[in-house]
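Shown next: final.cif, containing mmCIF, C-alpha atoms.
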data_work
loop_
_atom_site.label_atom_id
_atom_site.label_comp_id
_atom_site.auth_asym_id
_atom_site.auth_seq_id
_atom_site.Cartn_x
_atom_site.Cartn_y
_atom_site.Cartn_z
CA MET A 12 -50.25 -121.81 97.05
CA ALA A 13 -50.37 -124.33 94.22
CA LEU A 14 -47.25 -124.68 92.09
CA SER A 15 -47.46 -124.18 88.35
CA TRP A 16 -46.36 -127.08 86.14
CA HIS A 17 -43.21 -125.16 85.18
CA GLU A 18 -42.28 -124.50 88.80
CA LEU A 19 -42.91 -128.14 89.71
CA SER A 20 -40.79 -129.43 86.83
CA VAL A 21 -37.93 -127.11 87.82
CA LYS A 22 -38.01 -128.40 91.40
CA ILE A 23 -38.02 -132.01 90.17
CA ARG A 24 -35.08 -131.42 87.81
CA ARG A 25 -33.15 -129.72 90.60
CA ARG A 26 -34.12 -132.47 93.11
CA GLU A 27 -34.48 -129.83 95.78
CA THR A 28 -35.80 -132.22 98.49
CA PRO A 29 -35.86 -136.00 99.02
CA PHE A 30 -39.49 -135.93 97.79
CA TYR A 31 -38.52 -134.30 94.49
CA GLU A 32 -35.53 -136.65 94.29
CA ARG A 33 -37.92 -139.64 94.37
CA LEU A 34 -40.16 -138.00 91.71
CA TYR A 35 -37.11 -137.45 89.53
CA THR A 36 -36.02 -141.09 89.88
CA LEU A 37 -39.56 -142.29 89.12
CA ALA A 38 -39.76 -140.07 86.04
CA LYS A 39 -36.44 -141.44 84.77
CA GLU A 40 -37.65 -144.99 85.20
CA VAL A 41 -40.95 -144.28 83.42
CA HIS A 42 -39.12 -142.53 80.60
CA GLY A 43 -36.86 -145.54 80.13
CA ILE A 44 -39.66 -148.11 79.84
CA SER A 45 -39.28 -150.29 76.74
CA PHE A 46 -41.85 -152.83 75.59
CA PRO A 47 -40.38 -156.29 74.94
CA MET A 48 -39.86 -157.06 71.25
CA ASN A 49 -41.45 -160.13 69.72
CA LYS A 50 -39.75 -160.70 66.37
CA THR A 51 -42.70 -162.51 64.80
CA LEU A 52 -45.38 -160.13 66.06
CA HIS A 53 -43.51 -156.89 65.51
CA GLY A 54 -42.06 -158.09 62.23
CA PHE A 55 -45.62 -158.62 61.01
CA LEU A 56 -46.72 -155.24 62.37
CA TYR A 57 -43.84 -153.54 60.59
CA ARG A 58 -44.71 -155.10 57.23
CA GLU A 59 -48.38 -154.25 57.76
CA TRP A 60 -47.47 -150.62 58.51
CA VAL A 61 -45.27 -150.34 55.41
CA LEU A 62 -47.96 -151.85 53.18
CA ARG A 63 -50.76 -149.74 54.67
CA THR A 64 -48.91 -146.42 54.43
CA SER A 65 -47.60 -147.23 50.93
CA LEU A 66 -51.09 -148.03 49.65
CA TRP A 67 -52.41 -144.86 51.27
CA HIS A 68 -49.75 -142.69 49.65
CA GLU A 69 -50.19 -144.41 46.28
CA PHE A 70 -53.94 -143.83 46.37
CA TRP A 71 -53.57 -140.09 46.97
CA ARG A 72 -50.73 -139.84 44.45
CA VAL A 73 -52.84 -141.35 41.67
CA VAL A 74 -56.15 -139.61 42.32
CA TYR A 75 -55.07 -136.27 43.78
CA TYR A 76 -51.47 -135.07 43.89
CA GLU A 77 -50.16 -136.15 40.48
CA PRO A 78 -53.20 -134.88 38.53
CA MET A 79 -52.98 -131.53 40.34
CA PHE A 80 -49.33 -131.12 39.42
CA LYS A 81 -49.83 -132.20 35.80
CA SER A 82 -52.67 -129.69 35.43
CA GLN A 83 -50.11 -126.91 35.95
CA CYS A 84 -47.69 -128.20 33.28
CA VAL A 85 -47.81 -127.41 29.57
CA SER A 86 -47.24 -131.07 28.73
CA VAL A 87 -46.53 -134.31 30.57
CA GLY A 88 -45.67 -137.56 28.79
CA ALA A 89 -46.87 -141.06 29.58
CA ASN A 90 -45.93 -142.93 32.77
CA PHE A 91 -45.03 -139.87 34.82
CA LYS A 92 -44.62 -140.70 38.50
CA MET A 93 -44.24 -138.47 41.54
CA HIS A 94 -42.68 -140.28 44.50
CA TYR A 95 -43.82 -139.45 48.02
CA ALA A 96 -41.30 -137.63 50.21
CA GLY A 97 -43.68 -135.97 52.66
CA ASN A 98 -45.11 -133.07 50.66
CA GLY A 99 -47.76 -134.88 48.65
CA SER A 100 -47.32 -132.45 45.75
CA THR A 101 -45.17 -129.44 44.95
CA LYS A 102 -45.87 -125.76 44.31
CA ILE A 103 -44.90 -124.05 41.06
CA LEU A 104 -44.02 -120.42 41.69
CA GLY A 105 -44.39 -117.89 38.90
CA ASP A 106 -45.57 -118.45 35.33
CA LEU A 107 -43.13 -121.29 34.65
CA GLN A 108 -43.91 -123.32 31.51
CA ILE A 109 -43.04 -126.93 32.33
CA HIS A 110 -42.64 -129.56 29.61
CA ILE A 111 -42.08 -133.12 30.86
CA GLY A 112 -41.30 -136.12 28.66
CA SER A 113 -42.35 -139.75 29.00
CA ASN A 114 -41.32 -142.09 31.83
CA VAL A 115 -40.11 -139.25 34.02
CA THR A 116 -39.83 -139.80 37.78
CA MET A 117 -39.59 -137.01 40.34
CA PHE A 118 -40.27 -136.41 44.04
CA ASP A 119 -42.99 -134.30 45.59
CA ASN A 120 -40.47 -131.98 47.27
CA VAL A 121 -38.85 -130.77 44.06
CA ALA A 122 -39.06 -126.96 43.90
CA PHE A 123 -40.02 -125.01 40.77
CA ALA A 124 -39.78 -121.23 40.42
CA GLY A 125 -40.16 -119.03 37.35
CA LEU A 126 -38.89 -115.45 37.43
CA LYS A 127 -40.98 -112.52 36.24
CA VAL A 128 -38.18 -110.72 34.39
CA LEU A 129 -39.12 -112.35 31.07
CA ASP A 130 -42.48 -113.71 29.93
CA LYS A 131 -43.16 -117.42 30.37
CA PRO A 132 -39.77 -118.95 31.28
CA GLU A 133 -39.49 -122.58 30.17
CA LEU A 134 -38.32 -125.82 31.79
CA TYR A 135 -37.85 -128.99 29.73
CA ILE A 136 -37.27 -132.44 31.24
CA GLY A 137 -36.49 -135.21 28.77
CA ASP A 138 -37.79 -138.78 28.54
CA ASN A 139 -36.73 -141.39 31.10
CA THR A 140 -35.13 -138.82 33.40
CA TYR A 141 -35.05 -139.10 37.19
CA ILE A 142 -35.35 -135.92 39.27
CA GLY A 143 -34.34 -136.69 42.85
CA PRO A 144 -35.61 -135.23 46.12
CA GLN A 145 -35.10 -131.55 46.96
CA VAL A 146 -33.91 -130.52 43.50
CA LYS A 147 -34.51 -126.78 42.99
CA PHE A 148 -35.15 -125.22 39.58
CA ARG A 149 -34.88 -121.41 39.29
CA VAL A 150 -35.75 -120.42 35.75
CA GLY A 151 -35.67 -116.95 34.19
CA ARG A 152 -35.52 -117.91 30.51
CA LYS A 153 -34.85 -121.59 29.82
CA VAL A 154 -33.52 -124.70 31.53
CA ALA A 155 -33.45 -127.96 29.55
CA ILE A 156 -32.62 -131.38 31.00
CA GLY A 157 -31.95 -134.18 28.52
CA LYS A 158 -33.06 -137.80 28.30
CA TYR A 159 -31.95 -140.67 30.55
CA CYS A 160 -30.52 -138.31 33.16
CA MET A 161 -30.27 -138.65 36.94
CA ILE A 162 -30.47 -135.21 38.54
CA VAL A 163 -30.02 -134.73 42.29
CA SER A 164 -28.74 -131.14 42.23
CA PRO A 165 -30.13 -128.81 44.92
CA PHE A 166 -29.46 -125.77 42.70
CA ILE A 167 -30.13 -125.39 38.97
CA ALA A 168 -30.52 -121.80 37.78
CA ASP A 169 -30.17 -119.82 34.57
CA ASN A 170 -29.99 -116.55 36.51
CA PRO A 171 -28.10 -115.06 39.48
CA GLY A 172 -31.31 -114.54 41.47
CA HIS A 173 -30.66 -110.84 42.14
CA GLN A 174 -28.70 -108.04 40.52
CA ILE A 175 -24.97 -108.38 41.02
CA ASP A 176 -23.57 -104.94 40.08
CA ASP A 177 -26.39 -102.71 41.29
CA MET A 178 -26.35 -102.61 45.08
CA MET A 179 -29.19 -100.08 45.17
CA ALA A 180 -31.43 -102.50 43.24
CA ARG A 181 -30.74 -105.18 45.85
CA MET A 182 -32.19 -102.86 48.50
CA GLN A 183 -35.67 -103.43 47.03
CA SER A 184 -38.08 -105.71 48.80
CA GLY A 185 -36.92 -109.29 48.33
CA GLY A 186 -33.59 -108.19 46.89
CA GLY A 187 -34.98 -107.18 43.50
CA CYS A 188 -34.73 -109.16 40.26
CA PRO A 189 -31.72 -109.89 38.05
CA LYS A 190 -31.25 -107.99 34.79
CA SER A 191 -32.50 -109.76 31.69
CA GLU A 192 -28.99 -109.84 30.17
CA SER A 193 -27.73 -111.82 33.19
CA ILE A 194 -30.20 -114.64 32.44
CA ARG A 195 -28.46 -117.29 30.32
CA PRO A 196 -30.06 -120.65 29.42
CA VAL A 197 -28.86 -123.87 31.03
CA ILE A 198 -28.64 -127.01 28.89
CA VAL A 199 -27.95 -130.47 30.34
CA GLY A 200 -27.36 -133.18 27.73
CA ASP A 201 -28.58 -136.77 27.64
CA PHE A 202 -27.29 -139.63 29.83
CA CYS A 203 -25.95 -137.29 32.55
CA TRP A 204 -25.65 -138.05 36.26
CA LEU A 205 -25.45 -134.94 38.44
CA THR A 206 -25.06 -136.15 42.00
CA LEU A 207 -25.85 -134.68 45.42
CA GLU A 208 -24.75 -131.13 46.23
CA THR A 209 -23.90 -130.29 42.63
CA ALA A 210 -24.79 -126.79 41.43
CA ILE A 211 -25.50 -125.67 37.85
CA TYR A 212 -24.95 -121.98 37.12
CA PRO A 213 -26.32 -119.65 34.40
CA GLY A 214 -25.00 -120.30 30.90
CA THR A 215 -23.84 -123.85 31.63
CA VAL A 216 -23.92 -126.36 28.78
CA VAL A 217 -23.33 -129.92 29.99
CA GLY A 218 -22.34 -132.45 27.34
CA ASP A 219 -23.96 -135.86 27.03
CA GLY A 220 -22.84 -138.58 29.41
CA VAL A 221 -21.25 -136.31 32.01
CA VAL A 222 -20.96 -137.56 35.59
CA ALA A 223 -20.45 -134.84 38.22
CA LYS A 224 -19.12 -135.96 41.58
CA LEU A 225 -20.50 -134.88 44.95
CA GLY A 226 -20.36 -131.10 45.39
CA THR A 227 -19.26 -130.21 41.85
CA HIS A 228 -20.07 -126.69 40.64
CA LEU A 229 -20.84 -126.67 36.91
CA SER A 230 -20.39 -123.62 34.70
CA ARG A 231 -19.39 -122.80 31.11
CA THR A 232 -19.26 -125.77 28.70
CA VAL A 233 -18.59 -129.25 30.07
CA PRO A 234 -17.24 -131.79 27.55
CA PRO A 235 -19.26 -134.98 27.01
CA PHE A 236 -18.55 -138.32 28.68
CA CYS A 237 -16.23 -136.98 31.35
CA LEU A 238 -16.08 -137.46 35.12
CA ILE A 239 -15.78 -134.00 36.66
CA SER A 240 -15.40 -132.65 40.19
CA GLY A 241 -14.53 -129.56 42.18
CA ASN A 242 -15.29 -125.85 42.30
CA PRO A 243 -14.44 -124.73 39.71
CA TRP A 244 -14.95 -128.06 38.00
CA LYS A 245 -12.13 -129.96 36.32
CA VAL A 246 -12.04 -133.16 34.32
CA GLU A 247 -10.86 -136.09 36.43
CA ARG A 248 -10.92 -138.54 33.55
CA LYS A 249 -12.69 -139.34 30.32
CA LEU A 250 -15.50 -141.89 30.50
CA PRO A 251 -15.98 -144.76 28.02
CA ILE A 252 -18.25 -144.05 25.06
CA PRO A 253 -20.11 -147.28 24.26
CA GLU A 254 -19.94 -148.39 20.62
CA GLU A 255 -23.64 -149.28 20.81
CA LEU A 256 -24.42 -145.61 21.38
CA LYS A 257 -23.73 -144.90 17.71
CA GLU A 258 -26.98 -146.66 16.80
CA ILE A 259 -28.91 -144.53 19.31
CA VAL A 260 -27.52 -141.03 18.69
CA GLY A 261 -26.27 -141.41 15.11
CA PRO A 262 -22.71 -141.40 13.65
CA GLU A 263 -22.33 -137.62 13.52
CA ARG A 264 -23.19 -137.06 17.16
CA TYR A 265 -21.08 -140.06 18.18
CA GLU A 266 -18.08 -138.62 16.32
CA SER A 267 -18.58 -135.31 18.16
CA TYR A 268 -18.01 -137.18 21.45
CA LEU A 269 -14.71 -138.58 20.18
CA GLU A 270 -13.64 -135.14 18.96
CA ALA A 271 -14.44 -133.61 22.38
CA HIS A 272 -12.26 -136.25 24.03
CA ARG A 273 -9.39 -135.30 21.73
CA GLU A 274 -9.86 -131.68 22.81
CA VAL A 275 -9.60 -132.76 26.44
CA ASP A 276 -6.27 -134.44 25.60
CA ALA A 277 -5.14 -131.25 23.87
CA GLY A 278 -5.65 -129.28 27.06
CA LYS A 279 -8.68 -127.26 26.01
CA TYR A 280 -10.45 -128.12 29.26
CA PRO A 281 -8.98 -127.92 32.80
CA VAL A 282 -7.83 -131.33 33.98
CA HIS A 283 -6.83 -132.37 37.49
CA GLY A 284 -3.08 -132.33 37.81
CA LYS A 285 -2.63 -130.03 34.81
CA SER A 286 -2.74 -126.29 34.24
CA ASP A 287 -6.11 -124.54 34.06
CA ARG A 288 -5.93 -123.73 30.37
CA CYS A 289 -9.44 -123.08 29.03
#
I'd like the structure from this file rewritten - as structure tokens, please.
Amino acid sequence: MALSWHELSVKIRRRETPFYERLYTLAKEVHGISFPMNKTLHGFLYREWVLRTSLWHEFWRVVYYEPMFKSQCVSVGANFKMHYAGNGSTKILGDLQIHIGSNVTMFDNVAFAGLKVLDKPELYIGDNTYIGPQVKFRVGRKVAIGKYCMIVSPFIADNPGHQIDDMMARMQSGGGCPKSESIRPVIVGDFCWLTLETAIYPGTVVGDGVVAKLGTHLSRTVPPFCLISGNPWKVERKLPIPEELKEIVGPERYESYLEAHREVDAGKYPVHGKSDRC
């Protein structure tokens, strides 16, 4: 009676007889075959592969994926670019109203979702902002990202996702929806850098120039031009405020940065090594 492939492979792995032992040894040798490397030849083949695949992805980005995505946005400024990360384009769930400024860069695996609790939730992304791979936006009312930001946060939400206090509501299909009063806008200022594994929670207002270290959880109001870290976040140190910035943002806004730094010194915000007065 003929053996099935599964039965044969089991016998070979177990090396039940000298015959299967030889088949096992042969299979190991075949599996370990490696073609000799020629640095000139294979170096050329590598560069050819990179060029060919890059041109292929660029072609489809320009003529297909980017125009499809932009057709689903309310507005998209000049020089928008969607980098290839394997998806080609990205889906927009719900009736999310997306407004994108000029010179914005994002990846094709960024996730967008608009809740149905309120009509037409809005997402704003400012000029010259970079949205990194696998960033997730969950918008119930409004999320606004400023200009000249670098955002690599896997979680940005103005809502808790589901109801917190009502356990019975969470027993609905999909866990139900959050209450409208639990949806609080998220505002991220200009010149911010929110690094990998950071999370931005409902009601967060991030001041201009904030840098959040790996894994920081942002909530409440974050003072401008501070390096923050932790969960809950604390100020590690104040960051320099360039004098040249006064010409860009104006004297009044520039003075507000200096005032916020004085409030950090006064203990209004939690600082590493100090008490959590807030």
Looking at A:Phe80, A:Tyr159, A:Tyr212, A:Phe70, which one is nearest to Asn114 of chain A, with distances taken over all atoms listed in the file?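 Counting all atoms listed in the file, the residue closest to Asn114 of chain A is A:Tyr159.
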Do you know which residues are at most 12 Å from Lys102 of chain A counting only C-alpha atoms, after dropping those on the same chain fewer than 5 positions away, and could you put them as number ranges by chain? A: 76-77, 79-84, 107, 119-125, 147-148
All residues 10 Å or closer to segment 31-33 of chain A, all atoms listed in the file, same chain fewer than 4 positions away omitted, as a PDB file with C-alpha atoms, keeping the file's coordinate frame:
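Final output, part_20.pdb:
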ATOM      1  CA  LEU A  19     -42.910-128.140  89.710  1.00  0.00           C
ATOM      2  CA  SER A  20     -40.790-129.430  86.830  1.00  0.00           C
ATOM      3  CA  VAL A  21     -37.930-127.110  87.820  1.00  0.00           C
ATOM      4  CA  LYS A  22     -38.010-128.400  91.400  1.00  0.00           C
ATOM      5  CA  ILE A  23     -38.020-132.010  90.170  1.00  0.00           C
ATOM      6  CA  ARG A  24     -35.080-131.420  87.810  1.00  0.00           C
ATOM      7  CA  ARG A  25     -33.150-129.720  90.600  1.00  0.00           C
ATOM      8  CA  ARG A  26     -34.120-132.470  93.110  1.00  0.00           C
ATOM      9  CA  GLU A  27     -34.480-129.830  95.780  1.00  0.00           C
ATOM     10  CA  LEU A  37     -39.560-142.290  89.120  1.00  0.00           C
ATOM     11  CA  ALA A  38     -39.760-140.070  86.040  1.00  0.00           C
ATOM     12  CA  LYS A  39     -36.440-141.440  84.770  1.00  0.00           C
TER      13      LYS A  39
END
Report, in Å with one decimal, the straight-line distance from atom CA of Thr140 of chain A to atom CA of Gly261 of chain A.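 That distance, rounded to one decimal, is 20.5 Å.
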Expansion of the PyMOL selection byres ((chain A and resi 168-183) around 9) into residues, as a ChimeraX atom specification: /A:126,147-154,166-167,184-191,193-197,210-215
Going by the chain IDs and residue numbers used in this file, which residues fall under the PyMOL selection byres ((chain A and resi 257-260) around 12)? Write them as a ChimeraX atom specification. /A:158,200-202,219-220,252-256,261-269
